[in-house]
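Colleague: Next comes the structure file model-v8.txt, holding compact mmCIF, C-alpha atoms.
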# COMPACT_ATOMS: atom_id res chain seq x y z
CA MET A 26 -37.05 3.12 14.69
CA LYS A 27 -40.83 3.27 14.99
CA ASN A 28 -42.51 6.60 14.18
CA ILE A 29 -45.95 7.30 15.65
CA ARG A 30 -48.04 10.46 15.20
CA VAL A 31 -49.73 11.68 18.37
CA THR A 32 -53.21 12.50 17.13
CA ALA A 33 -56.36 13.08 19.17
CA THR A 34 -57.07 9.36 18.99
CA GLU A 35 -53.60 8.44 20.21
CA ALA A 36 -53.84 10.94 23.09
CA PHE A 37 -57.33 9.83 24.10
CA LYS A 38 -56.17 6.20 24.40
CA ARG A 39 -53.89 7.35 27.21
CA TYR A 40 -56.32 9.65 29.01
CA LYS A 41 -57.72 8.50 32.39
CA PRO A 42 -60.89 10.36 33.47
CA VAL A 43 -61.09 11.36 37.12
CA LYS A 44 -63.23 8.91 39.08
CA PRO A 45 -66.49 10.26 40.57
CA ASP A 46 -65.38 9.41 44.11
CA ALA A 47 -61.93 10.98 43.77
CA HIS A 48 -60.52 13.31 46.42
CA LYS A 49 -57.23 15.16 46.75
CA GLY A 50 -55.62 12.19 48.44
CA THR A 51 -56.32 9.92 45.47
CA GLN A 52 -55.22 12.40 42.79
CA GLY A 53 -51.51 12.25 43.54
CA HIS A 54 -48.96 14.52 45.19
CA ALA A 55 -46.37 16.26 43.02
CA LEU A 56 -43.18 17.89 44.28
CA LEU A 57 -41.69 20.68 42.14
CA ILE A 58 -38.12 21.77 42.88
CA GLY A 59 -36.63 24.92 41.43
CA GLY A 60 -36.34 28.66 41.48
CA SER A 61 -33.49 31.03 42.31
CA TYR A 62 -33.18 34.76 42.82
CA GLY A 63 -34.68 36.49 39.76
CA LYS A 64 -36.15 33.25 38.37
CA MET A 65 -39.02 32.48 40.73
CA GLY A 66 -41.56 32.95 37.95
CA ALA A 67 -40.43 29.70 36.34
CA ILE A 68 -41.18 27.47 39.32
CA SER A 69 -44.41 29.40 39.98
CA LEU A 70 -45.61 28.51 36.47
CA THR A 71 -44.56 24.89 36.89
CA THR A 72 -46.33 24.58 40.23
CA LYS A 73 -49.58 26.08 38.97
CA ALA A 74 -49.50 23.91 35.85
CA ALA A 75 -49.17 20.77 37.97
CA LEU A 76 -52.27 21.77 39.92
CA LYS A 77 -54.20 22.50 36.73
CA SER A 78 -53.26 19.08 35.33
CA GLY A 79 -55.56 17.48 37.91
CA CYS A 80 -53.00 16.71 40.60
CA GLY A 81 -54.59 16.55 44.05
CA LEU A 82 -51.68 17.98 46.05
CA VAL A 83 -48.70 20.02 44.92
CA THR A 84 -45.69 21.11 46.97
CA ALA A 85 -42.94 23.45 45.77
CA PHE A 86 -39.41 23.29 47.16
CA ILE A 87 -37.78 26.67 46.60
CA PRO A 88 -35.12 29.03 48.00
CA LYS A 89 -36.25 31.33 50.81
CA CYS A 90 -36.34 34.41 48.57
CA GLY A 91 -39.28 32.94 46.67
CA TYR A 92 -41.56 32.07 49.59
CA GLY A 93 -43.89 35.05 49.28
CA ILE A 94 -43.86 34.94 45.49
CA VAL A 95 -45.02 31.34 45.18
CA GLN A 96 -47.25 31.28 48.27
CA ILE A 97 -49.19 34.32 47.04
CA GLY A 98 -49.00 33.49 43.34
CA VAL A 99 -50.11 29.88 43.76
CA PRO A 100 -52.09 29.77 47.04
CA GLU A 101 -53.30 26.23 46.36
CA ALA A 102 -49.75 24.89 46.65
CA MET A 103 -47.75 24.02 49.75
CA ILE A 104 -44.22 25.35 50.18
CA PHE A 105 -40.95 24.03 51.57
CA THR A 106 -37.93 26.35 51.57
CA ASP A 107 -34.24 25.69 51.30
CA THR A 108 -31.88 26.91 54.02
CA HIS A 109 -30.25 29.21 51.45
CA LYS A 110 -31.92 32.49 50.58
CA ASN A 111 -31.20 32.79 46.88
CA TYR A 112 -30.82 29.29 45.45
CA ILE A 113 -31.27 25.58 46.14
CA SER A 114 -28.44 24.17 48.24
CA ARG A 115 -29.89 21.07 49.91
CA ILE A 116 -33.08 19.28 48.91
CA HIS A 117 -35.00 18.00 51.91
CA TYR A 118 -38.70 17.26 52.43
CA ASP A 119 -40.87 15.13 54.69
CA ILE A 120 -43.60 14.20 52.24
CA VAL A 121 -44.01 11.16 49.99
CA PRO A 122 -44.66 12.53 46.50
CA GLN A 123 -45.77 10.33 43.63
CA ALA A 124 -43.69 12.37 41.17
CA ILE A 125 -40.96 15.01 41.26
CA GLY A 126 -40.19 17.72 38.71
CA ILE A 127 -36.89 19.56 39.02
CA GLY A 128 -35.15 22.35 37.16
CA PRO A 129 -37.28 25.39 36.27
CA GLY A 130 -35.43 28.51 37.38
CA ILE A 131 -33.01 26.49 39.50
CA GLY A 132 -29.73 27.93 38.19
CA LYS A 133 -26.32 26.24 38.18
CA GLU A 134 -24.70 27.24 41.47
CA LYS A 135 -22.14 24.72 42.74
CA GLU A 136 -24.27 23.92 45.78
CA THR A 137 -27.29 23.44 43.52
CA GLN A 138 -25.31 20.98 41.41
CA LYS A 139 -24.36 19.02 44.53
CA ALA A 140 -28.00 19.00 45.67
CA LEU A 141 -29.11 17.54 42.33
CA HIS A 142 -26.36 14.92 42.53
CA ARG A 143 -27.53 13.82 45.98
CA LEU A 144 -31.12 13.61 44.74
CA LEU A 145 -30.14 11.48 41.73
CA LYS A 146 -28.19 9.09 43.96
CA THR A 147 -31.02 8.52 46.44
CA ASN A 148 -34.30 9.18 44.64
CA THR A 149 -36.61 6.35 43.57
CA THR A 150 -39.67 8.53 42.79
CA PRO A 151 -40.70 9.09 39.14
CA LEU A 152 -38.76 12.13 37.98
CA VAL A 153 -39.02 14.88 35.36
CA ILE A 154 -35.82 16.86 34.67
CA ASP A 155 -35.92 20.23 32.92
CA ALA A 156 -34.09 23.51 32.32
CA ASP A 157 -30.89 24.10 34.29
CA SER A 158 -31.08 20.64 35.86
CA LEU A 159 -30.49 19.37 32.32
CA ASN A 160 -27.60 21.79 31.92
CA ILE A 161 -26.13 20.53 35.20
CA LEU A 162 -26.29 16.99 33.80
CA SER A 163 -24.47 18.22 30.71
CA LEU A 164 -21.73 19.65 32.93
CA ASN A 165 -21.50 16.33 34.78
CA PRO A 166 -22.25 13.67 32.13
CA SER A 167 -21.31 10.73 34.37
CA TRP A 168 -24.36 11.55 36.50
CA CYS A 169 -26.64 10.36 33.68
CA ALA A 170 -25.84 6.82 34.84
CA LEU A 171 -27.72 7.65 38.05
CA LEU A 172 -31.02 8.26 36.25
CA GLN A 173 -33.80 5.95 37.37
CA PRO A 174 -35.43 3.95 34.55
CA GLN A 175 -37.95 5.96 32.55
CA THR A 176 -36.85 9.33 33.91
CA ILE A 177 -38.38 12.02 31.69
CA LEU A 178 -36.04 14.73 30.32
CA THR A 179 -37.57 17.76 28.59
CA PRO A 180 -34.83 19.65 26.71
CA HIS A 181 -35.24 22.46 24.23
CA PRO A 182 -32.81 22.21 21.26
CA LYS A 183 -29.88 23.95 22.95
CA GLU A 184 -30.25 21.87 26.12
CA LEU A 185 -30.42 18.72 24.00
CA GLU A 186 -27.27 19.72 22.12
CA ARG A 187 -25.42 20.11 25.41
CA LEU A 188 -26.53 16.61 26.40
CA VAL A 189 -25.94 14.69 23.16
CA GLY A 190 -23.62 16.88 21.08
CA PRO A 191 -24.24 18.80 17.83
CA TRP A 192 -26.17 17.46 14.84
CA TYR A 193 -26.32 18.46 11.20
CA SER A 194 -29.82 17.38 10.24
CA GLU A 195 -33.18 16.77 11.84
CA ALA A 196 -32.75 13.03 11.34
CA GLU A 197 -29.39 13.08 13.12
CA LYS A 198 -30.89 15.05 16.02
CA VAL A 199 -33.62 12.46 16.49
CA GLN A 200 -31.14 9.60 16.21
CA LYS A 201 -28.89 11.13 18.87
CA ALA A 202 -31.89 11.50 21.18
CA VAL A 203 -32.87 7.88 20.48
CA ASP A 204 -29.35 6.72 21.33
CA PHE A 205 -29.39 8.67 24.60
CA SER A 206 -32.83 7.31 25.50
CA LYS A 207 -31.68 3.74 24.89
CA GLN A 208 -28.38 4.17 26.73
CA TYR A 209 -30.01 5.53 29.90
CA ASN A 210 -33.48 3.94 29.59
CA SER A 211 -35.01 7.41 29.68
CA ILE A 212 -37.79 9.28 27.91
CA ILE A 213 -36.70 12.40 26.01
CA VAL A 214 -39.20 15.14 25.18
CA VAL A 215 -37.44 16.99 22.38
CA LYS A 216 -39.24 20.33 22.38
CA GLY A 217 -39.69 22.04 19.03
CA ALA A 218 -41.99 22.34 16.05
CA PRO A 219 -43.06 19.60 16.18
CA THR A 220 -42.16 18.17 19.58
CA HIS A 221 -40.99 14.55 19.62
CA ILE A 222 -41.33 12.18 22.56
CA ILE A 223 -38.67 9.49 22.37
CA ASP A 224 -38.77 6.21 24.26
CA GLY A 225 -36.00 4.01 22.94
CA ASP A 226 -36.75 3.18 19.32
CA ALA A 227 -40.30 4.59 19.56
CA VAL A 228 -40.49 8.18 18.29
CA TYR A 229 -43.81 9.93 18.90
CA GLN A 230 -44.42 13.10 16.87
CA ASN A 231 -46.90 15.51 18.43
CA THR A 232 -49.54 17.07 16.17
CA THR A 233 -50.81 19.94 18.33
CA GLY A 234 -49.39 23.39 18.91
CA ASN A 235 -48.35 26.42 16.91
CA ALA A 236 -45.92 29.33 16.99
CA ALA A 237 -47.78 30.93 19.92
CA LEU A 238 -45.92 28.47 22.18
CA ALA A 239 -42.61 30.19 21.35
CA THR A 240 -42.75 32.24 24.52
CA ALA A 241 -40.83 32.43 27.80
CA GLY A 242 -42.06 29.96 30.40
CA SER A 243 -43.76 27.60 27.95
CA GLY A 244 -41.38 24.77 28.84
CA ASP A 245 -41.79 25.39 32.57
CA VAL A 246 -45.52 24.88 32.17
CA LEU A 247 -44.96 21.66 30.22
CA THR A 248 -42.83 20.30 33.06
CA GLY A 249 -45.63 21.02 35.51
CA ILE A 250 -48.24 19.31 33.35
CA ILE A 251 -46.14 16.18 32.83
CA THR A 252 -45.16 15.97 36.51
CA GLY A 253 -48.78 16.42 37.54
CA LEU A 254 -49.92 13.61 35.26
CA LEU A 255 -47.09 11.38 36.47
CA ALA A 256 -48.19 11.97 40.07
CA GLN A 257 -51.68 10.82 39.09
CA SER A 258 -50.25 7.37 38.31
CA TYR A 259 -50.01 7.75 34.56
CA GLU A 260 -47.33 5.57 33.02
CA HIS A 261 -44.19 7.59 32.30
CA ILE A 262 -44.57 7.50 28.52
CA ASP A 263 -48.30 8.26 28.73
CA ALA A 264 -47.68 11.27 30.99
CA ALA A 265 -45.11 12.59 28.52
CA ILE A 266 -47.25 12.05 25.43
CA LEU A 267 -50.48 13.33 26.94
CA GLY A 268 -48.74 16.28 28.57
CA VAL A 269 -47.17 17.39 25.30
CA TYR A 270 -50.45 16.91 23.42
CA LEU A 271 -52.49 18.96 25.92
CA HIS A 272 -49.79 21.65 26.10
CA GLY A 273 -49.97 22.12 22.33
CA LEU A 274 -53.74 21.89 22.25
CA THR A 275 -54.09 24.90 24.56
CA ALA A 276 -52.37 27.07 21.95
CA ASP A 277 -54.58 25.72 19.17
CA ILE A 278 -57.72 26.49 21.19
CA ALA A 279 -56.52 29.93 22.26
CA LEU A 280 -55.17 31.16 18.93
CA PRO A 281 -58.45 32.63 17.57
CA GLU A 282 -58.85 34.58 20.81
CA THR A 283 -55.30 35.65 21.66
CA GLY A 284 -53.46 35.64 18.37
CA THR A 285 -49.90 34.39 18.15
CA GLU A 286 -48.06 37.39 19.57
CA SER A 287 -50.18 37.93 22.69
CA PHE A 288 -50.22 34.31 23.89
CA ILE A 289 -48.00 33.84 26.97
CA ALA A 290 -47.10 30.89 29.19
CA SER A 291 -49.84 31.71 31.70
CA ASP A 292 -52.35 31.30 28.87
CA ILE A 293 -51.29 27.66 28.49
CA ILE A 294 -52.39 27.13 32.09
CA ASN A 295 -55.57 29.17 31.61
CA TYR A 296 -56.64 27.13 28.56
CA LEU A 297 -55.72 23.75 30.00
CA GLY A 298 -59.28 23.15 31.18
CA LYS A 299 -60.62 23.61 27.65
CA ALA A 300 -57.95 21.22 26.37
CA PHE A 301 -59.09 18.57 28.85
CA LEU A 302 -62.72 19.18 27.86
CA THR A 303 -61.78 18.56 24.22
CA LEU A 304 -60.42 15.15 25.24
CA GLN A 305 -63.40 14.41 27.46
CA SER A 306 -65.78 15.13 24.58
CA LYS A 307 -64.64 11.83 23.09
CA LEU A 308 -65.96 9.82 26.06
Before we go any further, please render this structure as C-alpha cells.

Modeller:
Amino acid sequence: MKNIRVTATEAFKRYKPVKPDAHKGTQGHALLIGGSYGKMGAISLTTKAALKSGCGLVTAFIPKCGYGIVQIGVPEAMIFTDTHKNYISRIHYDIVPQAIGIGPGIGKEKETQKALHRLLKTNTTPLVIDADSLNILSLNPSWCALLQPQTILTPHPKELERLVGPWYSEAEKVQKAVDFSKQYNSIIVVKGAPTHIIDGDAVYQNTTGNAALATAGSGDVLTGIITGLLAQSYEHIDAAILGVYLHGLTADIALPETGTESFIASDIINYLGKAFLTLQSKL
C-alpha cells in the first residue's frame, strides 16, 4: 500500500488552468441525477457546485416535483424531468455529457433502484456515485460488477460500512476500501477527518478541511465538484483528489469569517472561487 499526502503541491500538479480561448462548449457538460420529494436541496447543491467547479454546461435530471426548485435555485443549469412526480423512475436524456453524478437526494424507491440498474448496465460515461445510489448498491451487491473502470464512489463512513462491511480499526477500514477498489477497479473517496482517496493500492490522504465541513449537504457539494472536474476532462483520480482538496480548502479559507458552527454547505460553493484562486496563485 502506498500512502501519499495531498498537499498544496500535490493538488497543484493536477490542476489545469482554463485556457484563454475557452468557451462553454470546451469546458465540459455534466449531468447530475438525483432528488426526490423532500430532498431536492441535495441535488440543487450538487448542480450548483458542478457549475462553480468550472464546468461549461450542467444539466440536472430530477423528478417533476423539483422542477421549480432547481430551475429557480440554479438558473444557470438546464433541467430534464422524470415522468414520475416524486422520485426518479426512468433515467432518460438526449444530451452527451462528459461526466455523470448520481445519488444526492435520490432515495431508494424500487423504481429508482431499477433505474440505477439500467444506467449501470448501459452507461459508458465517467461516473460519480454518491448518497442513496451507494446504498442501493449495498442492497444489490452483485451490481458492483457493472461498474465501469475508474468509477468514483464517495461514501461517508456509514455508506462505506454498508458496502464493505464493519471494521474495528482505522487501518482495517482503509484496507477494506482498498480491497473494494482493487476488486472493482474503482476509486473510493472515503469521507472523514481526514478524507482518503483510494485508487487500488494508492491511498491519498487529504490535508485540507476542518470540523466546519460536518454539516448537511457537504457531501452533495463534493459530488458536484468532482463531477464538474471530471466533465472538464480531468483524469478520474485527479478529479477526485483535486475535488476533495478544494472542498476542504473552502472551509479553511472561510473559518476566520464564518466560524465552525455557522459554516453550511452553501458556503463551500460560495468560497470555491477563493479556493481556486489559492491554487492559481502558484502559477

Colleague: Find the distance between CA of Asp119 in chain A and CA of Ala256 in chain A and write it in Å to one decimal.

Modeller: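 We find that CA of Asp119 in chain A and CA of Ala256 in chain A lie 16.7 Å from each other.
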
Colleague: Counting only C-alpha atoms, which residues come within 8 Å of (-45.1, 26.8, 33.9), with the point read in the file's coordinates, and could you list them as a PyMOL selection string?

Modeller: chain A and resi 67-74+242-249+290-291+294

Colleague: Write out, as an mmCIF file, in the frame of the given file, the residues just selected, with C-alpha atoms.

Modeller:
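part27.cif, written as the output of this step:
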data_model
loop_
_atom_site.group_PDB
_atom_site.id
_atom_site.type_symbol
_atom_site.label_atom_id
_atom_site.label_comp_id
_atom_site.auth_asym_id
_atom_site.auth_seq_id
_atom_site.Cartn_x
_atom_site.Cartn_y
_atom_site.Cartn_z
ATOM 1 C CA ALA A 67 -40.430 29.700 36.340
ATOM 2 C CA ILE A 68 -41.180 27.470 39.320
ATOM 3 C CA SER A 69 -44.410 29.400 39.980
ATOM 4 C CA LEU A 70 -45.610 28.510 36.470
ATOM 5 C CA THR A 71 -44.560 24.890 36.890
ATOM 6 C CA THR A 72 -46.330 24.580 40.230
ATOM 7 C CA LYS A 73 -49.580 26.080 38.970
ATOM 8 C CA ALA A 74 -49.500 23.910 35.850
ATOM 9 C CA GLY A 242 -42.060 29.960 30.400
ATOM 10 C CA SER A 243 -43.760 27.600 27.950
ATOM 11 C CA GLY A 244 -41.380 24.770 28.840
ATOM 12 C CA ASP A 245 -41.790 25.390 32.570
ATOM 13 C CA VAL A 246 -45.520 24.880 32.170
ATOM 14 C CA LEU A 247 -44.960 21.660 30.220
ATOM 15 C CA THR A 248 -42.830 20.300 33.060
ATOM 16 C CA GLY A 249 -45.630 21.020 35.510
ATOM 17 C CA ALA A 290 -47.100 30.890 29.190
ATOM 18 C CA SER A 291 -49.840 31.710 31.700
ATOM 19 C CA ILE A 294 -52.390 27.130 32.090
#

Colleague: So, counting only C-alpha atoms, which residue among A:Gly81, A:Tyr40, A:Thr179, A:Ala264 is closest to Thr303 in chain A?

Modeller: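 Under the stated criterion, the closest residue is A:Tyr40.
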
Colleague: Taking 3 positions as the minimum chain separation for residues in the same chain, which residues sit within 8 Å of range 126-138 of chain A when counting all atoms listed in the file? Answer as number ranges by chain.

Modeller: A: 55-61, 64-68, 71, 112-115, 141-142, 152-161, 245, 248-249, 252

Colleague: Record the distance separating CA of Val83 in chain A and CA of Ile278 in chain A, expressed in Å with one decimal.

Modeller: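 Computing the Euclidean distance for CA of Val83 in chain A and CA of Ile278 in chain A yields 26.2 Å.
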
Colleague: Would you mind reading off the distance between CA of Ala102 in chain A and CA of Ala75 in chain A, one decimal, in Å?

Modeller: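 For CA of Ala102 in chain A relative to CA of Ala75 in chain A, the distance reads 9.6 Å.
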
Colleague: Can you pull out every residue within 8 Å of Ser211 in chain A, counting all atoms listed in the file, but drop anything in the same chain fewer than 2 positions away, and send it as a ChimeraX atom specification?

Modeller: /A:172-178,205-209,213,224-225

Colleague: Determine, counting only C-alpha atoms, every residue of protein, DNA or RNA that lies within 8 Å of (-36.4, 28.8, 50.2) in the file coordinates, then give the result as a list in words.

Modeller: Phe86, Ile87, Pro88, Lys89, Cys90, Gly91, Tyr92, Phe105, Thr106, Asp107, Thr108, His109, Lys110, Asn111, Tyr112 and Ile113 of chain A

Colleague: With only C-alpha atoms as the atoms that count, which of A:Thr84, A:Ser163, A:Thr149, A:Asn295 lies nearest to Tyr118 in chain A?

Modeller: A:Thr84

Colleague: Calculated over all atoms listed in the file, which of the candidates A:Asn28, A:Gln230, A:Asn148, A:Asn165 has the smallest distance to Ile125 in chain A?

Modeller: A:Asn148

Colleague: Identify which of the residues A:Leu238, A:Arg143, A:Ala300, A:Lys198 lies closest to Leu171 in chain A, counting all atoms listed in the file when measuring atom-to-atom distances.

Modeller: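 Of all the options, A:Arg143 lies closest to Leu171 in chain A.
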
Colleague: Smallest atom-to-atom distance to Lys183 in chain A: which of A:Ser306, A:Thr232, A:Glu286, A:Lys216, using only C-alpha atoms?

Modeller: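 Closest candidate: A:Lys216.
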